[in-house]
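Source file: work00.tsv. Holds: TSV, N, CA and C atoms.
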```
chain	number	residue	atom	x	y	z
D	1	MET	N	-3.04	-39.86	26.08
D	1	MET	CA	-2.77	-38.64	25.36
D	1	MET	C	-4.08	-37.90	25.13
D	2	SER	N	-4.21	-36.77	25.72
D	2	SER	CA	-5.45	-36.02	25.56
D	2	SER	C	-5.22	-34.82	24.66
D	3	THR	N	-6.22	-34.48	23.95
D	3	THR	CA	-6.15	-33.33	23.05
D	3	THR	C	-7.02	-32.23	23.62
D	4	ASP	N	-6.44	-31.07	23.77
D	4	ASP	CA	-7.20	-29.93	24.29
D	4	ASP	C	-7.89	-29.25	23.11
D	5	ILE	N	-9.16	-29.49	22.98
D	5	ILE	CA	-9.90	-28.98	21.83
D	5	ILE	C	-10.15	-27.48	21.93
D	6	THR	N	-10.02	-26.90	23.13
D	6	THR	CA	-10.29	-25.47	23.27
D	6	THR	C	-9.20	-24.62	22.66
D	7	ASN	N	-8.01	-25.16	22.45
D	7	ASN	CA	-6.93	-24.39	21.84
D	7	ASN	C	-6.85	-24.58	20.33
D	8	ASP	N	-7.69	-25.42	19.79
D	8	ASP	CA	-7.69	-25.67	18.36
D	8	ASP	C	-8.46	-24.54	17.66
D	9	PRO	N	-7.78	-23.71	16.83
D	9	PRO	CA	-8.48	-22.59	16.19
D	9	PRO	C	-9.60	-23.03	15.27
D	10	ALA	N	-9.54	-24.24	14.75
D	10	ALA	CA	-10.58	-24.69	13.83
D	10	ALA	C	-11.90	-24.93	14.56
D	11	THR	N	-11.84	-25.31	15.84
D	11	THR	CA	-13.07	-25.61	16.56
D	11	THR	C	-13.38	-24.58	17.63
D	12	ASN	N	-12.49	-23.68	17.89
D	12	ASN	CA	-12.68	-22.70	18.94
D	12	ASN	C	-13.49	-21.53	18.38
D	13	ASP	N	-14.61	-21.24	19.01
D	13	ASP	CA	-15.45	-20.13	18.54
D	13	ASP	C	-14.73	-18.80	18.66
D	14	ALA	N	-13.93	-18.62	19.71
D	14	ALA	CA	-13.20	-17.36	19.87
D	14	ALA	C	-12.19	-17.18	18.75
D	15	GLY	N	-11.50	-18.25	18.36
D	15	GLY	CA	-10.54	-18.17	17.27
D	15	GLY	C	-11.22	-17.86	15.95
D	16	THR	N	-12.39	-18.44	15.74
D	16	THR	CA	-13.14	-18.18	14.51
D	16	THR	C	-13.62	-16.74	14.49
D	17	ASN	N	-14.08	-16.26	15.63
D	17	ASN	CA	-14.55	-14.87	15.69
D	17	ASN	C	-13.40	-13.89	15.49
D	18	GLU	N	-12.22	-14.21	16.03
D	18	GLU	CA	-11.07	-13.34	15.83
D	18	GLU	C	-10.67	-13.29	14.37
D	19	ALA	N	-10.68	-14.44	13.70
D	19	ALA	CA	-10.33	-14.47	12.27
D	19	ALA	C	-11.36	-13.70	11.45
D	20	ALA	N	-12.64	-13.86	11.79
D	20	ALA	CA	-13.68	-13.14	11.07
D	20	ALA	C	-13.58	-11.64	11.32
D	21	ALA	N	-13.27	-11.25	12.56
D	21	ALA	CA	-13.14	-9.83	12.87
D	21	ALA	C	-11.94	-9.23	12.13
D	22	GLY	N	-10.85	-9.96	12.02
D	22	GLY	CA	-9.69	-9.48	11.29
D	22	GLY	C	-9.98	-9.35	9.81
D	23	HIS	N	-10.76	-10.27	9.28
D	23	HIS	CA	-11.14	-10.22	7.87
D	23	HIS	C	-12.07	-9.05	7.61
D	24	ASP	N	-13.02	-8.82	8.52
D	24	ASP	CA	-13.97	-7.72	8.34
D	24	ASP	C	-13.32	-6.36	8.51
D	25	ALA	N	-12.21	-6.30	9.23
D	25	ALA	CA	-11.53	-5.02	9.44
D	25	ALA	C	-11.00	-4.46	8.12
D	26	HIS	N	-10.75	-5.31	7.15
D	26	HIS	CA	-10.23	-4.87	5.85
D	26	HIS	C	-11.33	-4.63	4.83
D	27	GLU	N	-12.54	-4.97	5.16
D	27	GLU	CA	-13.64	-4.82	4.22
D	27	GLU	C	-14.21	-3.41	4.29
D	28	VAL	N	-14.67	-2.92	3.15
D	28	VAL	CA	-15.33	-1.63	3.08
D	28	VAL	C	-16.82	-1.89	3.08
D	29	SER	N	-17.55	-1.12	3.85
D	29	SER	CA	-19.00	-1.31	3.93
D	29	SER	C	-19.67	-0.85	2.64
D	30	ASP	N	-20.94	-1.18	2.50
D	30	ASP	CA	-21.69	-0.74	1.33
D	30	ASP	C	-21.74	0.79	1.27
D	31	LYS	N	-21.89	1.41	2.43
D	31	LYS	CA	-21.91	2.87	2.49
D	31	LYS	C	-20.55	3.43	2.02
D	32	GLY	N	-19.47	2.77	2.42
D	32	GLY	CA	-18.14	3.20	2.00
D	32	GLY	C	-17.97	3.12	0.49
D	33	TYR	N	-18.48	2.04	-0.12
D	33	TYR	CA	-18.38	1.91	-1.58
D	33	TYR	C	-19.22	2.97	-2.29
D	34	ILE	N	-20.35	3.33	-1.71
D	34	ILE	CA	-21.18	4.38	-2.31
D	34	ILE	C	-20.46	5.72	-2.24
D	35	VAL	N	-19.83	6.01	-1.10
D	35	VAL	CA	-19.06	7.25	-0.96
D	35	VAL	C	-17.91	7.29	-1.97
D	36	ILE	N	-17.22	6.16	-2.12
D	36	ILE	CA	-16.11	6.09	-3.07
D	36	ILE	C	-16.61	6.29	-4.50
D	37	ALA	N	-17.74	5.66	-4.83
D	37	ALA	CA	-18.31	5.81	-6.18
D	37	ALA	C	-18.72	7.26	-6.43
D	38	LEU	N	-19.29	7.91	-5.43
D	38	LEU	CA	-19.66	9.32	-5.60
D	38	LEU	C	-18.42	10.20	-5.77
D	39	LEU	N	-17.37	9.91	-5.01
D	39	LEU	CA	-16.13	10.67	-5.15
D	39	LEU	C	-15.54	10.49	-6.55
D	40	LEU	N	-15.55	9.26	-7.06
D	40	LEU	CA	-15.06	9.01	-8.41
D	40	LEU	C	-15.92	9.72	-9.45
D	41	ALA	N	-17.22	9.75	-9.24
D	41	ALA	CA	-18.12	10.45	-10.17
D	41	ALA	C	-17.85	11.95	-10.17
D	42	VAL	N	-17.62	12.52	-8.98
D	42	VAL	CA	-17.32	13.95	-8.88
D	42	VAL	C	-16.00	14.26	-9.57
D	43	LEU	N	-14.98	13.42	-9.35
D	43	LEU	CA	-13.69	13.65	-10.01
D	43	LEU	C	-13.82	13.55	-11.53
D	44	THR	N	-14.60	12.59	-12.00
D	44	THR	CA	-14.82	12.45	-13.44
D	44	THR	C	-15.54	13.68	-14.00
D	45	ALA	N	-16.54	14.17	-13.27
D	45	ALA	CA	-17.25	15.38	-13.71
D	45	ALA	C	-16.30	16.58	-13.74
D	46	LEU	N	-15.41	16.67	-12.76
D	46	LEU	CA	-14.42	17.75	-12.75
D	46	LEU	C	-13.47	17.65	-13.94
D	47	GLU	N	-13.09	16.43	-14.30
D	47	GLU	CA	-12.22	16.24	-15.46
D	47	GLU	C	-12.91	16.71	-16.74
D	48	VAL	N	-14.16	16.33	-16.89
D	48	VAL	CA	-14.91	16.73	-18.08
D	48	VAL	C	-15.11	18.24	-18.09
D	49	ALA	N	-15.44	18.80	-16.93
D	49	ALA	CA	-15.65	20.25	-16.85
D	49	ALA	C	-14.35	21.01	-17.13
D	50	ALA	N	-13.22	20.45	-16.69
D	50	ALA	CA	-11.93	21.12	-16.91
D	50	ALA	C	-11.61	21.24	-18.39
D	51	THR	N	-12.04	20.28	-19.18
D	51	THR	CA	-11.77	20.35	-20.62
D	51	THR	C	-12.63	21.40	-21.30
D	52	GLU	N	-13.73	21.79	-20.67
D	52	GLU	CA	-14.64	22.77	-21.27
D	52	GLU	C	-14.30	24.21	-20.86
D	53	VAL	N	-13.47	24.37	-19.83
D	53	VAL	CA	-13.12	25.71	-19.36
D	53	VAL	C	-11.99	26.26	-20.22
D	54	ASP	N	-12.19	27.45	-20.75
D	54	ASP	CA	-11.19	28.06	-21.64
D	54	ASP	C	-10.02	28.68	-20.88
D	55	GLY	N	-10.21	29.11	-19.66
D	55	GLY	CA	-9.20	29.86	-18.94
D	55	GLY	C	-8.09	29.04	-18.31
D	56	LEU	N	-8.12	27.71	-18.40
D	56	LEU	CA	-7.09	26.90	-17.75
D	56	LEU	C	-5.76	26.93	-18.48
D	57	GLY	N	-5.80	26.98	-19.77
D	57	GLY	CA	-4.58	27.08	-20.58
D	57	GLY	C	-3.57	25.99	-20.28
D	58	SER	N	-2.40	26.39	-19.81
D	58	SER	CA	-1.33	25.42	-19.56
D	58	SER	C	-1.54	24.61	-18.28
D	59	PHE	N	-2.56	24.94	-17.49
D	59	PHE	CA	-2.84	24.18	-16.28
D	59	PHE	C	-3.76	22.99	-16.54
D	60	LEU	N	-4.30	22.88	-17.75
D	60	LEU	CA	-5.26	21.82	-18.05
D	60	LEU	C	-4.63	20.44	-17.91
D	61	VAL	N	-3.51	20.20	-18.57
D	61	VAL	CA	-2.90	18.87	-18.55
D	61	VAL	C	-2.44	18.48	-17.14
D	62	PRO	N	-1.73	19.36	-16.40
D	62	PRO	CA	-1.38	18.97	-15.03
D	62	PRO	C	-2.59	18.71	-14.14
D	63	ALA	N	-3.66	19.50	-14.31
D	63	ALA	CA	-4.86	19.28	-13.52
D	63	ALA	C	-5.49	17.92	-13.83
D	64	LEU	N	-5.55	17.60	-15.12
D	64	LEU	CA	-6.11	16.30	-15.51
D	64	LEU	C	-5.23	15.14	-15.02
D	65	LEU	N	-3.91	15.31	-15.07
D	65	LEU	CA	-3.01	14.25	-14.59
D	65	LEU	C	-3.14	14.05	-13.08
D	66	ILE	N	-3.31	15.13	-12.34
D	66	ILE	CA	-3.48	15.01	-10.90
D	66	ILE	C	-4.79	14.30	-10.56
D	67	MET	N	-5.87	14.69	-11.24
D	67	MET	CA	-7.15	14.03	-10.99
D	67	MET	C	-7.11	12.56	-11.41
D	68	MET	N	-6.40	12.28	-12.49
D	68	MET	CA	-6.25	10.89	-12.94
D	68	MET	C	-5.49	10.07	-11.90
D	69	ALA	N	-4.44	10.63	-11.34
D	69	ALA	CA	-3.65	9.91	-10.33
D	69	ALA	C	-4.47	9.66	-9.07
D	70	ILE	N	-5.27	10.64	-8.66
D	70	ILE	CA	-6.13	10.46	-7.49
D	70	ILE	C	-7.13	9.34	-7.73
D	71	LYS	N	-7.75	9.34	-8.90
D	71	LYS	CA	-8.71	8.27	-9.23
D	71	LYS	C	-8.01	6.92	-9.29
D	72	PHE	N	-6.79	6.88	-9.81
D	72	PHE	CA	-6.02	5.63	-9.87
D	72	PHE	C	-5.80	5.08	-8.47
D	73	PHE	N	-5.36	5.94	-7.55
D	73	PHE	CA	-5.09	5.49	-6.18
D	73	PHE	C	-6.37	5.00	-5.49
D	74	ILE	N	-7.48	5.68	-5.72
D	74	ILE	CA	-8.74	5.27	-5.10
D	74	ILE	C	-9.18	3.91	-5.63
D	75	VAL	N	-9.16	3.74	-6.95
D	75	VAL	CA	-9.61	2.47	-7.54
D	75	VAL	C	-8.70	1.33	-7.12
D	76	VAL	N	-7.39	1.56	-7.19
D	76	VAL	CA	-6.44	0.50	-6.83
D	76	VAL	C	-6.52	0.17	-5.35
D	77	SER	N	-6.67	1.18	-4.51
D	77	SER	CA	-6.67	0.95	-3.07
D	77	SER	C	-7.93	0.24	-2.59
D	78	TYR	N	-9.08	0.65	-3.08
D	78	TYR	CA	-10.32	0.11	-2.53
D	78	TYR	C	-10.93	-0.99	-3.39
D	79	PHE	N	-11.06	-0.79	-4.68
D	79	PHE	CA	-11.72	-1.79	-5.51
D	79	PHE	C	-10.82	-2.99	-5.81
D	80	MET	N	-9.51	-2.76	-5.86
D	80	MET	CA	-8.58	-3.87	-6.07
D	80	MET	C	-7.97	-4.33	-4.75
D	81	HIS	N	-8.42	-3.75	-3.64
D	81	HIS	CA	-8.01	-4.13	-2.28
D	81	HIS	C	-6.50	-4.08	-2.08
D	82	LEU	N	-5.83	-3.18	-2.77
D	82	LEU	CA	-4.38	-3.06	-2.63
D	82	LEU	C	-3.99	-2.33	-1.35
D	83	LYS	N	-4.95	-1.66	-0.74
D	83	LYS	CA	-4.68	-0.89	0.47
D	83	LYS	C	-4.12	-1.78	1.59
D	84	HIS	N	-4.60	-3.02	1.67
D	84	HIS	CA	-4.18	-3.93	2.72
D	84	HIS	C	-3.30	-5.05	2.19
D	85	ASP	N	-2.70	-4.83	1.04
D	85	ASP	CA	-1.89	-5.88	0.42
D	85	ASP	C	-0.41	-5.65	0.69
D	86	SER	N	0.40	-6.53	0.17
D	86	SER	CA	1.84	-6.48	0.37
D	86	SER	C	2.44	-5.22	-0.27
D	87	ALA	N	3.53	-4.74	0.31
D	87	ALA	CA	4.21	-3.56	-0.22
D	87	ALA	C	4.75	-3.81	-1.62
D	88	MET	N	5.10	-5.05	-1.92
D	88	MET	CA	5.62	-5.39	-3.24
D	88	MET	C	4.55	-5.14	-4.32
D	89	PHE	N	3.31	-5.51	-4.03
D	89	PHE	CA	2.25	-5.30	-5.00
D	89	PHE	C	1.95	-3.81	-5.16
D	90	LYS	N	1.94	-3.08	-4.06
D	90	LYS	CA	1.73	-1.63	-4.13
D	90	LYS	C	2.81	-0.99	-4.99
D	91	PHE	N	4.06	-1.39	-4.76
D	91	PHE	CA	5.18	-0.85	-5.51
D	91	PHE	C	5.02	-1.09	-7.01
D	92	SER	N	4.58	-2.29	-7.39
D	92	SER	CA	4.44	-2.61	-8.81
D	92	SER	C	3.37	-1.74	-9.47
D	93	PHE	N	2.28	-1.47	-8.77
D	93	PHE	CA	1.25	-0.60	-9.33
D	93	PHE	C	1.73	0.84	-9.44
D	94	TYR	N	2.45	1.30	-8.43
D	94	TYR	CA	2.93	2.68	-8.45
D	94	TYR	C	4.00	2.88	-9.52
D	95	VAL	N	4.84	1.87	-9.74
D	95	VAL	CA	5.84	1.95	-10.82
D	95	VAL	C	5.12	2.01	-12.17
D	96	GLY	N	4.05	1.23	-12.30
D	96	GLY	CA	3.26	1.27	-13.53
D	96	GLY	C	2.64	2.63	-13.77
D	97	LEU	N	2.12	3.24	-12.71
D	97	LEU	CA	1.55	4.59	-12.84
D	97	LEU	C	2.63	5.59	-13.22
D	98	ALA	N	3.78	5.52	-12.56
D	98	ALA	CA	4.87	6.44	-12.88
D	98	ALA	C	5.32	6.25	-14.33
D	99	GLY	N	5.43	5.01	-14.77
D	99	GLY	CA	5.81	4.75	-16.16
D	99	GLY	C	4.80	5.31	-17.15
D	100	ALA	N	3.51	5.17	-16.84
D	100	ALA	CA	2.48	5.71	-17.71
D	100	ALA	C	2.55	7.24	-17.76
D	101	LEU	N	2.79	7.86	-16.62
D	101	LEU	CA	2.89	9.32	-16.59
D	101	LEU	C	4.10	9.81	-17.39
D	102	VAL	N	5.23	9.12	-17.26
D	102	VAL	CA	6.43	9.50	-18.01
D	102	VAL	C	6.20	9.33	-19.51
D	103	LEU	N	5.63	8.19	-19.90
D	103	LEU	CA	5.36	7.95	-21.32
D	103	LEU	C	4.38	8.98	-21.88
D	104	TYR	N	3.32	9.27	-21.12
D	104	TYR	CA	2.34	10.25	-21.56
D	104	TYR	C	2.98	11.64	-21.70
D	105	SER	N	3.82	12.00	-20.75
D	105	SER	CA	4.50	13.30	-20.81
D	105	SER	C	5.44	13.39	-22.01
D	106	ILE	N	6.15	12.32	-22.29
D	106	ILE	CA	7.04	12.30	-23.45
D	106	ILE	C	6.24	12.45	-24.74
D	107	MET	N	5.14	11.73	-24.83
D	107	MET	CA	4.32	11.81	-26.04
D	107	MET	C	3.73	13.21	-26.21
D	108	LEU	N	3.23	13.81	-25.13
D	108	LEU	CA	2.69	15.16	-25.24
D	108	LEU	C	3.76	16.16	-25.66
D	109	THR	N	4.95	16.02	-25.09
D	109	THR	CA	6.05	16.91	-25.44
D	109	THR	C	6.43	16.73	-26.91
D	110	THR	N	6.47	15.50	-27.37
D	110	THR	CA	6.79	15.22	-28.77
D	110	THR	C	5.77	15.85	-29.69
D	111	PHE	N	4.49	15.69	-29.38
D	111	PHE	CA	3.46	16.29	-30.23
D	111	PHE	C	3.51	17.81	-30.19
D	112	HIS	N	3.87	18.36	-29.05
D	112	HIS	CA	3.92	19.82	-28.93
D	112	HIS	C	5.04	20.41	-29.79
D	113	PHE	N	6.18	19.77	-29.83
D	113	PHE	CA	7.33	20.33	-30.56
D	113	PHE	C	7.35	19.98	-32.04
D	114	PHE	N	6.68	18.92	-32.46
D	114	PHE	CA	6.80	18.50	-33.85
D	114	PHE	C	5.53	18.69	-34.67
D	115	ILE	N	4.54	19.36	-34.12
D	115	ILE	CA	3.35	19.66	-34.90
D	115	ILE	C	3.54	21.02	-35.56
D	116	ASP	N	3.18	21.09	-36.85
D	116	ASP	CA	3.37	22.35	-37.60
D	116	ASP	C	2.51	23.45	-37.06
```

Can the structure in the file be given as C-alpha cells, please?
Amino acid sequence: MSTDITNDPATNDAGTNEAAAGHDAHEVSDKGYIVIALLLAVLTALEVAATEVDGLGSFLVPALLIMMAIKFFIVVSYFMHLKHDSAMFKFSFYVGLAGALVLYSIMLTTFHFFID
C-alpha cells in the first residue's frame, strides 16, 4: 500500500500556496486600510461640518443618517471582515442597522411632536 504524498494538501507546496493565496485574496493591504481610515476621517469631518452649517435645515438629519450608514458599512465590511463572511452574518448586521434607524427615527419624531 503506497501513499501518494504529492496529493496530500498538508505536505504539498502547491496546495499550501493555493490556500495562502486564497487567504490573502480577502486581506486588505496596509495602503487599503490607510485609504479606508482617511475616508472615515473625511466622512466624520463632513458630519461635524454639517452640524455647523445653518442652511441645511430639514436636510441635516437625513444627511447625518446617510453618512452614518456609509460609515457603518465601511467599518463592518472591512474592519470586521464581514465583506467576505456568510450572508447570515451580513443580514444580522443590516437588520441591526435598520432597527437602530427605525428606533432613532421614532425617538426624533416623538421629541419633535411633544416638545413645548

Point-to-point distance from atom N of Thr44 of chain D to atom C of Met88 of chain D, Å rounded to tenths: 27.2 Å

Need the axis-aligned box for segment 49-60 of chain D with 5 Å each side, so what are the centre and edges in Å to one decimal, as JSON?
```
{"center_x": -8.5, "center_y": 24.3, "center_z": -19.0, "size_x": 24.3, "size_y": 21.1, "size_z": 15.4}
```

Could you tell me how far atom N of Met67 of chain D lies from atom CA of Met80 of chain D, in Å and to one decimal? 19.5 Å

Can you list every residue in segment 32-86 of chain D that DSSP puts in alpha helix (DSSP H), as a PyMOL selection string? chain D and resi 32-52+60-74

Selected residues written out, N, CA and C atoms, as a short mmCIF file (atom, residue, chain, number, x, y, z; two decimals), in the coordinates of the input:
```
data_model
loop_
_atom_site.label_atom_id
_atom_site.label_comp_id
_atom_site.auth_asym_id
_atom_site.auth_seq_id
_atom_site.Cartn_x
_atom_site.Cartn_y
_atom_site.Cartn_z
N GLY D 32 -19.47 2.77 2.42
CA GLY D 32 -18.14 3.20 2.00
C GLY D 32 -17.97 3.12 0.49
N TYR D 33 -18.48 2.04 -0.12
CA TYR D 33 -18.38 1.91 -1.58
C TYR D 33 -19.22 2.97 -2.29
N ILE D 34 -20.35 3.33 -1.71
CA ILE D 34 -21.18 4.38 -2.31
C ILE D 34 -20.46 5.72 -2.24
N VAL D 35 -19.83 6.01 -1.10
CA VAL D 35 -19.06 7.25 -0.96
C VAL D 35 -17.91 7.29 -1.97
N ILE D 36 -17.22 6.16 -2.12
CA ILE D 36 -16.11 6.09 -3.07
C ILE D 36 -16.61 6.29 -4.50
N ALA D 37 -17.74 5.66 -4.83
CA ALA D 37 -18.31 5.81 -6.18
C ALA D 37 -18.72 7.26 -6.43
N LEU D 38 -19.29 7.91 -5.43
CA LEU D 38 -19.66 9.32 -5.60
C LEU D 38 -18.42 10.20 -5.77
N LEU D 39 -17.37 9.91 -5.01
CA LEU D 39 -16.13 10.67 -5.15
C LEU D 39 -15.54 10.49 -6.55
N LEU D 40 -15.55 9.26 -7.06
CA LEU D 40 -15.06 9.01 -8.41
C LEU D 40 -15.92 9.72 -9.45
N ALA D 41 -17.22 9.75 -9.24
CA ALA D 41 -18.12 10.45 -10.17
C ALA D 41 -17.85 11.95 -10.17
N VAL D 42 -17.62 12.52 -8.98
CA VAL D 42 -17.32 13.95 -8.88
C VAL D 42 -16.00 14.26 -9.57
N LEU D 43 -14.98 13.42 -9.35
CA LEU D 43 -13.69 13.65 -10.01
C LEU D 43 -13.82 13.55 -11.53
N THR D 44 -14.60 12.59 -12.00
CA THR D 44 -14.82 12.45 -13.44
C THR D 44 -15.54 13.68 -14.00
N ALA D 45 -16.54 14.17 -13.27
CA ALA D 45 -17.25 15.38 -13.71
C ALA D 45 -16.30 16.58 -13.74
N LEU D 46 -15.41 16.67 -12.76
CA LEU D 46 -14.42 17.75 -12.75
C LEU D 46 -13.47 17.65 -13.94
N GLU D 47 -13.09 16.43 -14.30
CA GLU D 47 -12.22 16.24 -15.46
C GLU D 47 -12.91 16.71 -16.74
N VAL D 48 -14.16 16.33 -16.89
CA VAL D 48 -14.91 16.73 -18.08
C VAL D 48 -15.11 18.24 -18.09
N ALA D 49 -15.44 18.80 -16.93
CA ALA D 49 -15.65 20.25 -16.85
C ALA D 49 -14.35 21.01 -17.13
N ALA D 50 -13.22 20.45 -16.69
CA ALA D 50 -11.93 21.12 -16.91
C ALA D 50 -11.61 21.24 -18.39
N THR D 51 -12.04 20.28 -19.18
CA THR D 51 -11.77 20.35 -20.62
C THR D 51 -12.63 21.40 -21.30
N GLU D 52 -13.73 21.79 -20.67
CA GLU D 52 -14.64 22.77 -21.27
C GLU D 52 -14.30 24.21 -20.86
N LEU D 60 -4.30 22.88 -17.75
CA LEU D 60 -5.26 21.82 -18.05
C LEU D 60 -4.63 20.44 -17.91
N VAL D 61 -3.51 20.20 -18.57
CA VAL D 61 -2.90 18.87 -18.55
C VAL D 61 -2.44 18.48 -17.14
N PRO D 62 -1.73 19.36 -16.40
CA PRO D 62 -1.38 18.97 -15.03
C PRO D 62 -2.59 18.71 -14.14
N ALA D 63 -3.66 19.50 -14.31
CA ALA D 63 -4.86 19.28 -13.52
C ALA D 63 -5.49 17.92 -13.83
N LEU D 64 -5.55 17.60 -15.12
CA LEU D 64 -6.11 16.30 -15.51
C LEU D 64 -5.23 15.14 -15.02
N LEU D 65 -3.91 15.31 -15.07
CA LEU D 65 -3.01 14.25 -14.59
C LEU D 65 -3.14 14.05 -13.08
N ILE D 66 -3.31 15.13 -12.34
CA ILE D 66 -3.48 15.01 -10.90
C ILE D 66 -4.79 14.30 -10.56
N MET D 67 -5.87 14.69 -11.24
CA MET D 67 -7.15 14.03 -10.99
C MET D 67 -7.11 12.56 -11.41
N MET D 68 -6.40 12.28 -12.49
CA MET D 68 -6.25 10.89 -12.94
C MET D 68 -5.49 10.07 -11.90
N ALA D 69 -4.44 10.63 -11.34
CA ALA D 69 -3.65 9.91 -10.33
C ALA D 69 -4.47 9.66 -9.07
N ILE D 70 -5.27 10.64 -8.66
CA ILE D 70 -6.13 10.46 -7.49
C ILE D 70 -7.13 9.34 -7.73
N LYS D 71 -7.75 9.34 -8.90
CA LYS D 71 -8.71 8.27 -9.23
C LYS D 71 -8.01 6.92 -9.29
N PHE D 72 -6.79 6.88 -9.81
CA PHE D 72 -6.02 5.63 -9.87
C PHE D 72 -5.80 5.08 -8.47
N PHE D 73 -5.36 5.94 -7.55
CA PHE D 73 -5.09 5.49 -6.18
C PHE D 73 -6.37 5.00 -5.49
N ILE D 74 -7.48 5.68 -5.72
CA ILE D 74 -8.74 5.27 -5.10
C ILE D 74 -9.18 3.91 -5.63
#
```

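Candidate residues D:Ala45, D:Ala50, D:Ala100, D:Ala87 were compared for distance to Pro62 of chain D, and the nearest is D:Ala50, using only C-alpha atoms.
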
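Atom CA of Leu46 of chain D is found 8.9 Å from atom CA of Leu64 of chain D.
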
Here is a test: counting only C-alpha atoms, which residue of D:Leu65, D:Gly55, D:Lys71, D:Tyr78 is nearest to Ile34 of chain D?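 The shortest atom-to-atom distance to Ile34 of chain D comes from D:Tyr78.
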
Fewer than 5 positions away in the same chain doesn't count, so skip those; otherwise give me all residues within 9 Å of Lys90 of chain D, counting only C-alpha atoms, as number ranges by chain. D: 76-77, 82-83, 85, 95
